[in-house]
$ cat structure15.txt   # compact mmCIF, C-alpha atoms and all ligand atoms
# COMPACT_ATOMS: atom_id res chain seq x y z
CA MET Z 1 -68.13 62.10 -0.79
CA PRO Z 2 -71.88 62.30 -0.37
CA GLU Z 3 -73.03 64.92 2.12
CA LEU Z 4 -76.36 65.64 3.77
CA PRO Z 5 -78.24 66.87 0.66
CA ASP Z 6 -77.12 63.88 -1.44
CA LEU Z 7 -78.03 61.45 1.32
CA GLU Z 8 -81.43 63.04 1.92
CA VAL Z 9 -82.42 62.55 -1.72
CA ILE Z 10 -81.06 58.99 -1.77
CA ARG Z 11 -82.95 58.27 1.46
CA GLU Z 12 -86.24 59.61 0.15
CA ASN Z 13 -85.97 57.86 -3.21
CA LEU Z 14 -84.94 54.54 -1.69
CA ALA Z 15 -87.78 54.71 0.83
CA ALA Z 16 -90.30 55.22 -2.01
CA ARG Z 17 -89.01 52.02 -3.63
CA LEU Z 18 -88.28 49.70 -0.76
CA LEU Z 19 -90.42 50.34 2.32
CA GLY Z 20 -92.50 47.29 3.19
CA ARG Z 21 -90.25 44.92 1.24
CA ALA Z 22 -88.70 41.87 2.91
CA VAL Z 23 -85.06 40.83 2.65
CA GLN Z 24 -84.75 37.52 0.80
CA GLY Z 25 -81.04 37.34 0.26
CA ILE Z 26 -77.91 38.84 1.76
CA SER Z 27 -74.39 38.83 0.45
CA VAL Z 28 -71.45 40.56 2.10
CA ARG Z 29 -68.63 40.61 -0.41
CA ARG Z 30 -65.84 42.41 1.39
CA PRO Z 31 -64.32 41.22 4.67
CA GLY Z 32 -64.30 44.06 7.17
CA LEU Z 33 -67.32 45.82 5.68
CA VAL Z 34 -69.50 44.91 8.67
CA ARG Z 35 -68.07 46.77 11.67
CA ALA Z 36 -70.60 45.65 14.26
CA GLY Z 37 -72.91 42.64 14.37
CA PRO Z 38 -72.68 39.26 12.59
CA PRO Z 39 -70.43 39.67 9.51
CA ASP Z 40 -73.04 37.98 7.30
CA LEU Z 41 -75.82 40.38 8.42
CA SER Z 42 -77.99 37.28 8.95
CA PRO Z 43 -80.35 38.94 11.48
CA LEU Z 44 -81.85 40.89 8.57
CA PHE Z 45 -82.94 37.79 6.67
CA GLY Z 46 -86.69 37.67 6.08
CA LYS Z 47 -87.27 41.02 7.77
CA ASN Z 48 -89.40 43.87 6.42
CA LEU Z 49 -87.88 47.26 5.85
CA THR Z 50 -90.02 49.77 7.74
CA GLU Z 51 -88.08 53.02 7.64
CA ILE Z 52 -85.02 54.69 6.18
CA ALA Z 53 -83.68 57.54 8.28
CA ARG Z 54 -80.50 59.59 8.22
CA ARG Z 55 -78.23 60.85 10.94
CA GLY Z 56 -75.27 62.96 9.86
CA LYS Z 57 -73.70 61.12 6.94
CA HIS Z 58 -75.18 57.77 8.01
CA LEU Z 59 -78.24 56.16 6.51
CA ILE Z 60 -80.22 54.09 9.01
CA PHE Z 61 -82.36 51.20 7.76
CA ARG Z 62 -84.97 50.02 10.24
CA PHE Z 63 -86.41 46.53 9.89
CA ASP Z 64 -89.36 44.96 11.65
CA GLY Z 65 -88.02 42.84 14.52
CA ALA Z 66 -84.35 43.16 13.57
CA PRO Z 67 -81.42 45.39 14.46
CA PHE Z 68 -80.90 48.74 12.73
CA LEU Z 69 -78.57 48.68 9.77
CA LEU Z 70 -76.29 51.72 9.65
CA VAL Z 71 -74.53 52.53 6.40
CA HIS Z 72 -71.74 55.06 5.95
CA LEU Z 73 -70.68 55.46 2.31
CA MET Z 74 -67.43 57.22 3.22
CA ARG Z 75 -65.44 58.49 0.27
CA TYR Z 76 -66.36 56.34 -2.71
CA GLY Z 77 -69.38 54.29 -1.69
CA TRP Z 78 -72.75 54.51 -3.46
CA LEU Z 79 -76.05 52.71 -3.20
CA TRP Z 80 -77.54 51.10 -6.26
CA HIS Z 81 -81.08 49.77 -6.54
CA GLY Z 82 -82.32 47.72 -9.45
CA PRO Z 83 -83.32 44.29 -10.73
CA SER Z 84 -81.65 41.37 -8.91
CA ARG Z 85 -81.05 39.70 -12.27
CA TYR Z 86 -78.46 42.33 -13.20
CA GLU Z 87 -74.92 41.08 -12.85
CA VAL Z 88 -73.20 41.99 -9.60
CA THR Z 89 -70.10 44.03 -10.39
CA LYS Z 90 -66.65 43.48 -8.89
CA SER Z 91 -66.84 46.67 -6.85
CA THR Z 92 -70.09 45.60 -5.14
CA THR Z 93 -69.41 45.02 -1.45
CA MET Z 94 -72.91 44.27 -0.13
CA VAL Z 95 -76.15 43.01 -1.67
CA LEU Z 96 -79.55 42.96 0.00
CA SER Z 97 -82.10 41.20 -2.22
CA PHE Z 98 -85.76 42.05 -1.64
CA ASP Z 99 -88.95 40.11 -2.30
CA ASP Z 100 -89.93 42.30 -5.26
CA GLY Z 101 -87.03 40.99 -7.34
CA THR Z 102 -84.79 43.98 -6.69
CA ASP Z 103 -81.43 44.46 -5.00
CA LEU Z 104 -80.03 47.21 -2.88
CA ARG Z 105 -76.28 47.13 -3.48
CA LEU Z 106 -73.43 48.96 -1.88
CA ILE Z 107 -70.86 49.73 -4.55
CA GLU Z 108 -67.37 51.06 -3.92
CA PRO Z 109 -65.66 51.75 -7.23
CA GLY Z 110 -62.70 53.63 -5.77
CA SER Z 111 -59.86 52.59 -3.58
CA PRO Z 112 -59.42 52.22 -0.67
CA GLN Z 113 -62.80 50.65 0.01
CA ILE Z 114 -63.63 52.10 3.39
CA ALA Z 115 -67.43 52.25 3.54
CA GLY Z 116 -68.84 50.67 6.66
CA VAL Z 117 -72.05 49.01 7.83
CA TRP Z 118 -73.09 48.26 11.38
CA LEU Z 119 -75.95 46.38 13.04
CA PHE Z 120 -77.21 47.82 16.32
CA SER Z 121 -80.23 46.77 18.35
CA ASP Z 122 -80.14 50.04 20.23
CA LEU Z 123 -79.25 53.19 18.33
CA SER Z 124 -78.29 55.00 21.53
CA GLN Z 125 -75.43 52.49 21.80
CA ALA Z 126 -74.32 53.04 18.21
CA GLU Z 127 -70.73 54.19 18.45
CA PRO Z 128 -70.60 56.04 15.09
CA LEU Z 129 -73.57 58.22 16.11
CA LYS Z 130 -72.48 59.02 19.64
CA LYS Z 131 -70.31 62.02 18.91
CA LEU Z 132 -72.54 63.63 16.32
CA GLY Z 133 -73.78 67.15 16.92
CA PRO Z 134 -77.37 68.18 16.13
CA GLU Z 135 -78.99 67.83 12.75
CA PRO Z 136 -79.10 71.18 10.90
CA PHE Z 137 -82.89 70.94 10.41
CA SER Z 138 -83.65 69.91 13.98
CA PRO Z 139 -84.98 72.14 16.77
CA GLU Z 140 -81.80 71.30 18.71
CA PHE Z 141 -79.71 73.24 16.22
CA THR Z 142 -80.35 76.59 17.86
CA LEU Z 143 -78.32 79.78 17.51
CA GLU Z 144 -77.45 79.36 21.15
CA HIS Z 145 -76.06 75.86 20.60
CA PHE Z 146 -74.11 76.99 17.57
CA SER Z 147 -72.65 80.08 19.26
CA GLN Z 148 -71.70 77.98 22.27
CA ALA Z 149 -69.94 75.41 20.07
CA LEU Z 150 -67.92 78.19 18.45
CA ARG Z 151 -67.07 80.15 21.56
CA GLY Z 152 -63.37 80.55 22.18
CA LYS Z 153 -62.38 78.26 19.32
CA ARG Z 154 -59.16 79.20 17.57
CA ARG Z 155 -59.95 77.21 14.47
CA MET Z 156 -60.72 78.16 10.93
CA VAL Z 157 -64.43 78.52 10.37
CA LYS Z 158 -64.49 75.93 7.59
CA LYS Z 159 -63.06 73.34 9.98
CA ILE Z 160 -65.86 74.04 12.40
CA LEU Z 161 -68.55 73.54 9.76
CA THR Z 162 -67.17 70.14 8.80
CA ASP Z 163 -66.72 69.08 12.43
CA GLN Z 164 -69.49 66.48 12.84
CA SER Z 165 -69.65 67.10 16.58
CA VAL Z 166 -70.67 70.75 16.02
CA VAL Z 167 -73.30 70.09 13.37
CA ALA Z 168 -73.86 66.78 11.56
CA GLY Z 169 -73.85 66.09 7.83
CA ILE Z 170 -71.74 68.86 6.28
CA GLY Z 171 -68.59 68.06 4.31
CA ASN Z 172 -66.08 69.93 2.22
CA ALA Z 173 -68.37 71.02 -0.62
CA TYR Z 174 -71.32 72.32 1.36
CA ALA Z 175 -69.09 74.06 3.90
CA ASP Z 176 -67.82 76.18 1.00
CA GLU Z 177 -71.36 76.91 -0.16
CA ILE Z 178 -72.56 77.84 3.32
CA LEU Z 179 -69.66 80.26 3.75
CA PHE Z 180 -70.41 81.78 0.37
CA LEU Z 181 -74.05 82.35 1.28
CA ALA Z 182 -73.02 83.86 4.62
CA LYS Z 183 -70.38 86.02 2.83
CA ILE Z 184 -67.68 84.88 5.23
CA SER Z 185 -64.14 83.92 4.27
CA PRO Z 186 -63.37 80.23 4.87
CA PHE Z 187 -60.03 81.29 6.33
CA ARG Z 188 -61.45 83.42 9.14
CA TYR Z 189 -60.77 82.17 12.62
CA VAL Z 190 -63.90 81.46 14.57
CA HIS Z 191 -62.97 83.68 17.51
CA THR Z 192 -62.84 86.71 15.18
CA LEU Z 193 -66.47 86.33 14.04
CA THR Z 194 -68.89 88.94 15.32
CA PRO Z 195 -72.21 87.78 16.81
CA THR Z 196 -73.90 89.05 13.63
CA GLU Z 197 -71.62 86.90 11.50
CA VAL Z 198 -72.21 83.86 13.68
CA GLU Z 199 -75.94 84.32 13.24
CA LYS Z 200 -75.58 84.74 9.46
CA LEU Z 201 -73.56 81.55 9.34
CA TRP Z 202 -76.08 79.68 11.47
CA ARG Z 203 -78.94 80.76 9.19
CA ALA Z 204 -76.94 79.88 6.07
CA ILE Z 205 -76.50 76.25 7.15
CA PRO Z 206 -80.09 74.94 6.85
CA GLU Z 207 -80.83 77.39 4.06
CA THR Z 208 -77.97 76.10 1.88
CA LEU Z 209 -78.72 72.46 2.61
CA ARG Z 210 -82.46 72.83 1.87
CA TRP Z 211 -81.71 74.61 -1.37
CA ALA Z 212 -79.27 71.86 -2.38
CA ILE Z 213 -81.78 69.09 -1.64
CA GLY Z 214 -84.28 70.84 -3.92
CA GLU Z 215 -81.72 71.28 -6.69
CA ILE Z 216 -80.61 67.65 -6.56
CA LYS Z 217 -84.19 66.40 -6.41
CA SER Z 218 -85.13 68.51 -9.42
CA ARG Z 219 -82.32 66.89 -11.40
CA VAL Z 220 -82.75 63.24 -10.44
CA GLY Z 221 -86.50 62.97 -9.77
CA GLU Z 222 -87.20 59.48 -8.43
CA ASN Z 223 -83.86 58.08 -9.59
CA LEU Z 224 -80.77 57.23 -7.63
CA PHE Z 225 -77.40 58.58 -8.74
CA ASP Z 226 -73.86 57.33 -8.55
CA LYS Z 227 -71.91 60.55 -8.32
CA GLU Z 228 -72.41 63.87 -6.62
CA ILE Z 229 -74.61 66.29 -8.53
CA ARG Z 230 -72.99 69.64 -7.96
CA ASP Z 231 -73.45 71.65 -11.16
CA PHE Z 232 -75.62 74.19 -9.34
CA LEU Z 233 -73.07 75.13 -6.68
CA TYR Z 234 -71.79 78.70 -6.49
CA VAL Z 235 -68.18 78.13 -5.50
CA HIS Z 236 -67.16 74.54 -4.74
CA GLY Z 237 -65.46 72.93 -7.72
CA ARG Z 238 -65.66 76.15 -9.77
CA ALA Z 239 -62.07 77.45 -9.47
CA GLY Z 240 -61.39 80.14 -12.06
CA ALA Z 241 -65.01 80.34 -13.24
CA PRO Z 242 -66.80 83.67 -12.81
CA CYS Z 243 -68.72 84.14 -9.57
CA ARG Z 244 -72.44 83.96 -10.35
CA VAL Z 245 -73.05 86.97 -8.15
CA CYS Z 246 -70.18 89.41 -8.85
CA GLY Z 247 -68.26 87.93 -11.80
CA SER Z 248 -64.89 87.65 -10.01
CA PRO Z 249 -62.95 84.43 -10.68
CA ILE Z 250 -63.63 81.83 -7.98
CA GLY Z 251 -60.53 81.22 -5.89
CA GLU Z 252 -59.11 77.91 -4.74
CA VAL Z 253 -56.77 76.87 -1.98
CA LEU Z 254 -55.57 73.37 -1.22
CA PHE Z 255 -55.06 73.03 2.46
CA GLU Z 256 -54.43 69.84 4.41
CA GLY Z 257 -55.49 67.79 1.41
CA GLN Z 258 -58.81 69.60 1.09
CA ARG Z 259 -59.93 71.83 -1.71
CA THR Z 260 -61.50 75.09 -0.62
CA ASN Z 261 -63.25 77.37 -3.10
CA PHE Z 262 -64.50 80.87 -2.43
CA CYS Z 263 -65.31 84.17 -4.08
CA PRO Z 264 -62.57 86.63 -3.10
CA ARG Z 265 -64.90 89.60 -3.54
CA CYS Z 266 -68.23 88.35 -2.11
CA GLN Z 267 -66.49 86.73 0.84
CA ASN Z 268 -63.94 89.48 1.32
CA VAL Z 269 -60.96 87.13 1.21
CA SER Z 270 -57.93 89.36 1.32
CA GLN Z 271 -55.18 86.91 2.09
CA PRO Z 272 -55.86 83.27 1.44
CA LEU Z 273 -53.44 81.01 3.25
CA ARG Z 274 -50.68 79.50 1.14
ZN ZN Y 301 -68.59 86.96 -5.95
$ encode --input "structure15.txt" --output "structure tokens"
Amino acid sequence: MPELPDLEVIRENLAARLLGRAVQGISVRRPGLVRAGPPDLSPLFGKNLTEIARRGKHLIFRFDGAPFLLVHLMRYGWLWHGPSRYEVTKSTTMVLSFDDGTDLRLIEPGSPQIAGVWLFSDLSQAEPLKKLGPEPFSPEFTLEHFSQALRGKRRMVKKILTDQSVVAGIGNAYADEILFLAKISPFRYVHTLTPTEVEKLWRAIPETLRWAIGEIKSRVGENLFDKEIRDFLYVHGRAGAPCRVCGSPIGEVLFEGQRTNFCPRCQNVSQPLR
């Protein structure tokens, strides 16, 4: 599932290609894809794309004189951009055709197809955004806010990092990387963290995400990509491989259907759960 760093690079690269272009064709190819607004997305027809923003794991397309289009790729969704003359594949669930002869397509190769798009005239009324916590790069994401969100919580620290109401945009992979950078075990309970550890964790969040954006950007350049680029990560997806810092084998625990990777030595994991 794409997380903040993936989406930031997609956002930037799409904006470089599509800002100022007008929508000349719309095709919604899966019933239920459009969760709010006319199911055929007709209000976007003929409108110019003026901005692509991101909030949490949502991309927000702003058009001149039209509602905002929110896109959440969920688990398997990806955005493709290329010549309109290319054949539309079976797994394509939405096509926006622009006046430069290119398409922006939402493609969901996996199953179930659960990506969603919404049209909202007023973003403050956008249900999917209402419960999101601050953006990790925003001035609102202060140490005070973060400490307050953690206070008294008897939850595992990894759960807190992926809780979109605490901080927006982090998923399973980058939560592992943030914890590795902060040298904190993913299995620690939040209420056992010292103030120093909370601060280390808070600093590790934007630092990890910024680093990841740079790494992804350096690999894809101006291109889009259709799977996560994660070869540079320290722990996530590297079970059994030597830690790049201390050489210990990276550990892995499957818990509630989620894969968690960590370095037992760097993160001082004495007793992983199950
Ligand atoms: Zn290590």
$ residues_near_ligand --input "structure15.txt" --ligand "ligand ZN 301 (chain Y)" --cutoff "8 Å" --atoms "all atoms listed in the file" --output "ChimeraX atom specification"
/Z:242-250,263-267
$ closest_residue --input "structure15.txt" --among "Z:Val88, Z:Lys153, Z:Phe68, Z:Gly77" --to "Z:Phe225" --atoms "all atoms listed in the file"
Z:Gly77
$ atom_distance --input "structure15.txt" --atom1 "atom CA of Z:Pro83" --atom2 "atom CA of Z:Gly221"
19.0 Å
$ closest_residue --input "structure15.txt" --among "Z:Ala22, Z:Val220, Z:Ala66, Z:Ala149" --to "Z:Asp103" --atoms "only C-alpha atoms"
Z:Ala22
$ residues_near_point --input "structure15.txt" --point "(-80.7, 40.6, 1.9)" --cutoff "8 Å" --atoms "all atoms listed in the file" --output "ChimeraX atom specification"
/Z:23-27,44-46,95-98,103
$ write_last_selection --input "structure15.txt" --atoms "C-alpha atoms" --output "tab-separated table (two decimals), in the frame of the given file"
chain	number	residue	atom	x	y	z
Z	23	VAL	CA	-85.06	40.83	2.65
Z	24	GLN	CA	-84.75	37.52	0.80
Z	25	GLY	CA	-81.04	37.34	0.26
Z	26	ILE	CA	-77.91	38.84	1.76
Z	27	SER	CA	-74.39	38.83	0.45
Z	44	LEU	CA	-81.85	40.89	8.57
Z	45	PHE	CA	-82.94	37.79	6.67
Z	46	GLY	CA	-86.69	37.67	6.08
Z	95	VAL	CA	-76.15	43.01	-1.67
Z	96	LEU	CA	-79.55	42.96	0.00
Z	97	SER	CA	-82.10	41.20	-2.22
Z	98	PHE	CA	-85.76	42.05	-1.64
Z	103	ASP	CA	-81.43	44.46	-5.00
$ atom_distance --input "structure15.txt" --atom1 "atom CA of Z:Lys90" --atom2 "atom CA of Z:Ile107"
8.7 Å
$ atom_distance --input "structure15.txt" --atom1 "atom CA of Z:Gly56" --atom2 "atom CA of Z:Ile178"
16.5 Å
$ closest_residue --input "structure15.txt" --among "Z:Asp6, Z:Glu177, Z:Glu207, Z:Glu199" --to "Z:Leu79" --atoms "only C-alpha atoms"
Z:Asp6
$ closest_residue --input "structure15.txt" --among "Z:Phe120, Z:Phe187, Z:Phe262, Z:Phe146" --to "Z:Ser165" --atoms "only C-alpha atoms"
Z:Phe146
$ residues_around --input "structure15.txt" --residues "stretch 133-145 of chain Z" --least-positions-apart "2" --cutoff "6 Å" --atoms "all atoms listed in the file" --output "PyMOL selection string"
chain Z and resi 147-148+164-168+206
$ decode --input "structure15.txt" --residues "stretch 100-138 of chain Z" --atoms "N, CA and C atoms" --output "mmCIF file, in the first residue's frame"
data_model
loop_
_atom_site.group_PDB
_atom_site.id
_atom_site.type_symbol
_atom_site.label_atom_id
_atom_site.label_comp_id
_atom_site.auth_asym_id
_atom_site.auth_seq_id
_atom_site.Cartn_x
_atom_site.Cartn_y
_atom_site.Cartn_z
ATOM 1 N N ASP Z 100 -4.093 17.088 -23.711
ATOM 2 C CA ASP Z 100 -2.785 16.909 -24.366
ATOM 3 C C ASP Z 100 -2.625 15.492 -24.902
ATOM 4 N N GLY Z 101 -3.754 14.767 -24.983
ATOM 5 C CA GLY Z 101 -3.684 13.409 -25.540
ATOM 6 C C GLY Z 101 -3.182 12.371 -24.554
ATOM 7 N N THR Z 102 -3.251 12.712 -23.260
ATOM 8 C CA THR Z 102 -2.825 11.731 -22.256
ATOM 9 C C THR Z 102 -3.974 11.390 -21.310
ATOM 10 N N ASP Z 103 -3.821 10.245 -20.665
ATOM 11 C CA ASP Z 103 -4.803 9.780 -19.671
ATOM 12 C C ASP Z 103 -4.158 9.689 -18.300
ATOM 13 N N LEU Z 104 -4.960 9.987 -17.308
ATOM 14 C CA LEU Z 104 -4.632 9.603 -15.939
ATOM 15 C C LEU Z 104 -5.570 8.457 -15.606
ATOM 16 N N ARG Z 105 -5.000 7.299 -15.296
ATOM 17 C CA ARG Z 105 -5.850 6.121 -15.039
ATOM 18 C C ARG Z 105 -5.607 5.588 -13.633
ATOM 19 N N LEU Z 106 -6.690 5.181 -13.030
ATOM 20 C CA LEU Z 106 -6.608 4.485 -11.748
ATOM 21 C C LEU Z 106 -6.679 2.997 -12.061
ATOM 22 N N ILE Z 107 -5.652 2.288 -11.630
ATOM 23 C CA ILE Z 107 -5.556 0.861 -11.951
ATOM 24 C C ILE Z 107 -5.514 0.071 -10.657
ATOM 25 N N GLU Z 108 -6.344 -0.963 -10.588
ATOM 26 C CA GLU Z 108 -6.371 -1.812 -9.397
ATOM 27 C C GLU Z 108 -6.191 -3.264 -9.815
ATOM 28 N N PRO Z 109 -4.932 -3.694 -9.872
ATOM 29 C CA PRO Z 109 -4.670 -5.050 -10.358
ATOM 30 C C PRO Z 109 -5.032 -6.138 -9.353
ATOM 31 N N GLY Z 110 -5.095 -5.822 -8.078
ATOM 32 C CA GLY Z 110 -5.361 -6.861 -7.083
ATOM 33 C C GLY Z 110 -6.832 -6.964 -6.753
ATOM 34 N N SER Z 111 -7.125 -7.862 -5.863
ATOM 35 C CA SER Z 111 -8.497 -8.040 -5.442
ATOM 36 C C SER Z 111 -8.519 -8.162 -3.922
ATOM 37 N N PRO Z 112 -9.472 -7.584 -3.210
ATOM 38 C CA PRO Z 112 -10.616 -6.838 -3.743
ATOM 39 C C PRO Z 112 -10.213 -5.440 -4.207
ATOM 40 N N GLN Z 113 -11.000 -4.903 -5.148
ATOM 41 C CA GLN Z 113 -10.765 -3.546 -5.622
ATOM 42 C C GLN Z 113 -11.495 -2.588 -4.687
ATOM 43 N N ILE Z 114 -10.712 -1.898 -3.869
ATOM 44 C CA ILE Z 114 -11.336 -1.105 -2.808
ATOM 45 C C ILE Z 114 -10.903 0.365 -2.823
ATOM 46 N N ALA Z 115 -10.172 0.758 -3.869
ATOM 47 C CA ALA Z 115 -9.791 2.173 -3.959
ATOM 48 C C ALA Z 115 -11.069 3.011 -4.029
ATOM 49 N N GLY Z 116 -10.956 4.253 -3.616
ATOM 50 C CA GLY Z 116 -12.135 5.103 -3.630
ATOM 51 C C GLY Z 116 -11.831 6.484 -4.176
ATOM 52 N N VAL Z 117 -12.822 7.102 -4.827
ATOM 53 C CA VAL Z 117 -12.702 8.507 -5.208
ATOM 54 C C VAL Z 117 -13.957 9.249 -4.744
ATOM 55 N N TRP Z 118 -13.780 10.506 -4.427
ATOM 56 C CA TRP Z 118 -14.864 11.322 -3.899
ATOM 57 C C TRP Z 118 -14.820 12.687 -4.577
ATOM 58 N N LEU Z 119 -15.956 13.297 -4.775
ATOM 59 C CA LEU Z 119 -16.001 14.705 -5.198
ATOM 60 C C LEU Z 119 -16.573 15.519 -4.047
ATOM 61 N N PHE Z 120 -15.869 16.577 -3.678
ATOM 62 C CA PHE Z 120 -16.350 17.458 -2.611
ATOM 63 C C PHE Z 120 -16.163 18.904 -3.041
ATOM 64 N N SER Z 121 -17.197 19.709 -2.861
ATOM 65 C CA SER Z 121 -17.050 21.136 -3.155
ATOM 66 C C SER Z 121 -16.280 21.819 -2.047
ATOM 67 N N ASP Z 122 -16.444 21.291 -0.827
ATOM 68 C CA ASP Z 122 -15.843 21.920 0.331
ATOM 69 C C ASP Z 122 -15.029 20.856 1.076
ATOM 70 N N LEU Z 123 -13.717 21.038 1.060
ATOM 71 C CA LEU Z 123 -12.860 20.009 1.669
ATOM 72 C C LEU Z 123 -13.098 19.850 3.170
ATOM 73 N N SER Z 124 -13.556 20.932 3.809
ATOM 74 C CA SER Z 124 -13.790 20.831 5.256
ATOM 75 C C SER Z 124 -14.975 19.899 5.543
ATOM 76 N N GLN Z 125 -15.771 19.609 4.519
ATOM 77 C CA GLN Z 125 -16.887 18.678 4.686
ATOM 78 C C GLN Z 125 -16.520 17.267 4.206
ATOM 79 N N ALA Z 126 -15.268 17.084 3.816
ATOM 80 C CA ALA Z 126 -14.876 15.791 3.243
ATOM 81 C C ALA Z 126 -14.695 14.765 4.359
ATOM 82 N N GLU Z 127 -15.614 13.841 4.399
ATOM 83 C CA GLU Z 127 -15.642 12.837 5.468
ATOM 84 C C GLU Z 127 -14.303 12.095 5.631
ATOM 85 N N PRO Z 128 -13.667 11.638 4.532
ATOM 86 C CA PRO Z 128 -12.443 10.856 4.730
ATOM 87 C C PRO Z 128 -11.302 11.658 5.366
ATOM 88 N N LEU Z 129 -11.380 12.988 5.303
ATOM 89 C CA LEU Z 129 -10.281 13.803 5.834
ATOM 90 C C LEU Z 129 -10.537 14.271 7.259
ATOM 91 N N LYS Z 130 -11.780 14.110 7.699
ATOM 92 C CA LYS Z 130 -12.173 14.733 8.967
ATOM 93 C C LYS Z 130 -11.401 14.235 10.174
ATOM 94 N N LYS Z 131 -11.110 12.941 10.183
ATOM 95 C CA LYS Z 131 -10.490 12.372 11.379
ATOM 96 C C LYS Z 131 -8.967 12.313 11.302
ATOM 97 N N LEU Z 132 -8.402 12.897 10.263
ATOM 98 C CA LEU Z 132 -6.956 12.803 10.115
ATOM 99 C C LEU Z 132 -6.232 13.717 11.091
ATOM 100 N N GLY Z 133 -5.163 13.195 11.670
ATOM 101 C CA GLY Z 133 -4.290 14.009 12.507
ATOM 102 C C GLY Z 133 -3.418 14.891 11.633
ATOM 103 N N PRO Z 134 -2.488 15.642 12.243
ATOM 104 C CA PRO Z 134 -1.664 16.567 11.467
ATOM 105 C C PRO Z 134 -0.730 15.857 10.486
ATOM 106 N N GLU Z 135 -0.342 16.603 9.480
ATOM 107 C CA GLU Z 135 0.680 16.140 8.542
ATOM 108 C C GLU Z 135 2.036 16.178 9.250
ATOM 109 N N PRO Z 136 2.882 15.154 9.024
ATOM 110 C CA PRO Z 136 4.174 15.097 9.707
ATOM 111 C C PRO Z 136 5.102 16.275 9.401
ATOM 112 N N PHE Z 137 4.931 16.927 8.238
ATOM 113 C CA PHE Z 137 5.813 18.049 7.891
ATOM 114 C C PHE Z 137 5.197 19.390 8.259
ATOM 115 N N SER Z 138 4.018 19.369 8.867
ATOM 116 C CA SER Z 138 3.331 20.639 9.108
ATOM 117 C C SER Z 138 3.710 21.215 10.463
#
